[in-house]
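For reference, the structure is listed below as structure tokens.
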Amino acid sequence: MLNFNELKARGAALVTGASRGFGFEMAKQLSRLGFDLVITGRDRAALGEAAAKLDGDVAVYPADLSEPGAAKKLYGAIKADGITLSVLVNNAGLGASGEAWEVSEERDGKIISVNVSAAVTLSKLFLSDACRRGYGALCNVCSVGAFQPGPYTASYYASKSFLHSYTLACRYEAKSRGVAVTSVCPGPLDTGFFRSAGAVKPRAAMSAEKAAEYAVRRFSHGAATVVPGFWNRAARLLPACVKTAAVARMKKPR
Ligand SMILES: NC(=O)c1ccc[n+]([C@@H]2O[C@H](COP(=O)([O-])OP(=O)(O)OC[C@H]3O[C@@H](n4cnc5c(N)ncnc54)[C@H](OP(=O)(O)O)[C@@H]3O)[C@@H](O)[C@H]2O)c1
């Protein structure tokens, strides 16, 4: 398996949802390691501002990953421009809060399209190239929400559970082809995510920069599941029913 020094010499890193928040911080860590970057998100201006803050070569490909076929089109456009990708970070994601029956079908559809369908499509396209070549590293950004059901944020937690399980299965398959696959599962982060999801940011939210620093370090060492933050790792040891009840208490609309 090639290390990150070898990977950066062979191709660029694509980070989805890199215009802000955790994706931007993941891109920053990879650019510090010397990777050329390809970044994507919906907002072209925000991507331009993010690119200006990153080191090295940064190519910007705006895309709305909730649109049918957008992930495939994005991957095709990057390849058509002659860019080889040695690293993919599937980070773009969104959530929703409220009782499952209250969340609009449209919002649930977007959650499934971006968090699941687009991440799966990009994973498949990337793994198909990387496994044939015999090198590459894939990181799917899941959540500690992948480890138990999430009352009052049901579709979001379920989407992350799907992605986490899918990612670890891909890891098993890709290992013999020289390709590393990692699931990064952050706890609450200090980003705009909660506002977009119509929820309140927990007071204990971790700095996205610190979480990304840890995540990229463990990703570069080929870890399977990466949980930034000591207390988030400790909480994994609790039984799922206890965590589900705690999530319900935290997320129940007041
Ligand atoms: N924040 C947390 O507490 C937390 C905890 C665990 C896991 N995570 C996961 O970490 C990842 C990043 O979250 P964050 O906290 O950084 O959220 P954020 O600040 O809301 O950033 C989300 C990113 O995804 C992009 N995005 C959203 N919808 C998109 C779409 N339809 N097509 C393409 N790009 C889209 C956004 O750019 P545009 O708006 O310009 O499209 C933005 O760059 C997500 O997968 C999230 O589930 C977050």
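The chains in the structure tokens are called A, B, ... from first to last as shown; in each chain the residues are counted from 1, and the ligands are counted from 1 in the order shown.
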
Pick out the residues sitting within 10 Å of Ser31 in chain A, and hand them over as a short mmCIF file (atom, residue, chain, number, x, y, z; two decimals) with N, CA and C atoms, in the first residue's frame; count only C-alpha atoms, and ignore anything fewer than 2 positions along from it in its own chain.
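Okay, this is what ended up in selection.cif:
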data_model
loop_
_atom_site.label_atom_id
_atom_site.label_comp_id
_atom_site.auth_asym_id
_atom_site.auth_seq_id
_atom_site.Cartn_x
_atom_site.Cartn_y
_atom_site.Cartn_z
N LYS A 8 0.68 11.50 -2.97
CA LYS A 8 0.60 12.90 -3.41
C LYS A 8 1.40 13.12 -4.70
N ALA A 12 -4.04 13.93 -7.30
CA ALA A 12 -4.61 14.97 -6.43
C ALA A 12 -5.62 14.35 -5.47
N ALA A 13 -6.05 15.16 -4.48
CA ALA A 13 -7.08 14.73 -3.53
C ALA A 13 -8.37 15.50 -3.82
N GLU A 25 -11.50 22.02 6.40
CA GLU A 25 -10.37 21.69 7.30
C GLU A 25 -9.66 20.41 6.84
N MET A 26 -10.42 19.46 6.31
CA MET A 26 -9.79 18.24 5.77
C MET A 26 -8.92 18.61 4.56
N ALA A 27 -9.46 19.49 3.71
CA ALA A 27 -8.70 19.94 2.53
C ALA A 27 -7.43 20.66 2.98
N LYS A 28 -7.57 21.49 4.02
CA LYS A 28 -6.40 22.24 4.52
C LYS A 28 -5.30 21.29 5.00
N GLN A 29 -5.70 20.26 5.73
CA GLN A 29 -4.71 19.29 6.22
C GLN A 29 -4.02 18.58 5.04
N LEU A 33 -0.04 18.65 3.64
CA LEU A 33 0.79 17.47 3.38
C LEU A 33 1.35 17.49 1.96
N GLY A 34 0.92 18.48 1.17
CA GLY A 34 1.49 18.64 -0.17
C GLY A 34 0.62 18.13 -1.31
N PHE A 35 -0.62 17.76 -1.01
CA PHE A 35 -1.50 17.29 -2.09
C PHE A 35 -2.01 18.47 -2.92
N ASP A 36 -2.07 18.28 -4.25
CA ASP A 36 -2.88 19.17 -5.07
C ASP A 36 -4.33 18.80 -4.76
N LEU A 37 -5.21 19.81 -4.86
CA LEU A 37 -6.59 19.56 -4.42
C LEU A 37 -7.60 19.81 -5.51
N LEU A 54 -6.12 27.92 0.63
CA LEU A 54 -5.41 26.62 0.65
C LEU A 54 -4.08 26.73 -0.08
N ASP A 55 -3.10 25.92 0.34
CA ASP A 55 -1.79 25.93 -0.34
C ASP A 55 -1.85 25.09 -1.61
N GLY A 56 -0.90 25.32 -2.49
CA GLY A 56 -0.72 24.45 -3.67
C GLY A 56 -1.78 24.67 -4.73
N ASP A 57 -1.82 23.72 -5.69
CA ASP A 57 -2.79 23.79 -6.78
C ASP A 57 -4.15 23.39 -6.29
N VAL A 58 -5.15 24.23 -6.52
CA VAL A 58 -6.52 23.90 -6.11
C VAL A 58 -7.44 24.11 -7.31
#

### Task
Based on DSSP run over this structure's backbone, return all residues of range 6-248 of chain A in alpha helix (DSSP H), as a ChimeraX atom specification.
/A:6-10,21-32,44-52,70-80,105-111,119-133,154-175,193-196,208-220,230-235,240-248

### Task
Report as number ranges by chain which protein, DNA and RNA residues come within 7 Å of ligand 1, using only C-alpha atoms and all ligand atoms.
A: 16-23, 40-43, 46, 63-66, 91-95, 110, 114-115, 141-144, 185-194, 196, 205

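For the set A:Gly76, A:Phe126, A:Gly178, A:Val247, the residue with the smallest atom-to-atom gap to Asn90 in chain A is A:Phe126, counting only C-alpha atoms.
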
### Task
Using only C-alpha atoms, find the one residue out of A:Ala154, A:Ala245, A:Leu7, A:Val227 that sits nearest to Leu138 in chain A.
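The shortest atom-to-atom distance to Leu138 in chain A comes from A:Leu7.
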
### Message
I'd like the contact shell of Glu102 in chain A - 12 Å cut-off, only C-alpha atoms, skipping same-chain residues fewer than 2 positions apart - returned as a PyMOL selection string.
### Response
chain A and resi 96-100+104-108+152-155+253

### Task
Kindly give the distance, in Å, that separates CA of Pro149 in chain A and CA of Ser117 in chain A, rounded to a single decimal.
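Between CA of Pro149 in chain A and CA of Ser117 in chain A the gap is 19.6 Å.
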
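Between CA of Ala130 in chain A and CA of Phe219 in chain A the separation is 16.4 Å.
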
### Backbone DSSP call of strand (DSSP E or B) for range 23-104 of chain A, listed as a VMD selection string
chain A and resid 37 to 40 58 to 60 85 to 90

Prev. selection, C-alpha atoms, output as a tab-separated table (two decimals), in the first residue's frame:
chain	number	residue	atom	x	y	z
A	37	LEU	CA	-6.59	19.56	-4.42
A	38	VAL	CA	-9.89	19.35	-6.22
A	39	ILE	CA	-12.70	20.84	-4.16
A	40	THR	CA	-16.43	20.81	-4.69
A	58	VAL	CA	-6.52	23.90	-6.11
A	59	ALA	CA	-9.08	23.15	-8.84
A	60	VAL	CA	-12.69	24.14	-8.18
A	85	LEU	CA	-7.13	11.33	-8.18
A	86	SER	CA	-5.12	9.36	-5.63
A	87	VAL	CA	-7.27	10.40	-2.66
A	88	LEU	CA	-11.02	10.94	-2.29
A	89	VAL	CA	-12.70	12.41	0.78
A	90	ASN	CA	-16.49	12.09	0.61

### Message
List as JSON, numbers by chain the protein and nucleic acid residues near Ala248 in chain A, meaning an atom at most 9 Å away when only C-alpha atoms are counted, but skip any in the same chain fewer than 2 places from it.
### Response
{"A": [150, 151, 152, 153, 243, 244, 245, 246, 250, 251, 252]}

#### Entry: Distance of CA of Leu163 in chain A from CA of Val120 in chain A, expressed in Å to one decimal place
7.7 Å

### Query
Using only C-alpha atoms, which of A:Pro228, A:Gly222, A:Pro239, A:Pro68 sits nearest Met206 in chain A?
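Comparing A:Pro228, A:Gly222, A:Pro239, A:Pro68 against Met206 in chain A, the winner is A:Pro228.
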
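Nearest residue to Val184 in chain A among A:Leu238, A:Leu30, A:Val226, A:Ala50 is A:Val226, counting only C-alpha atoms.
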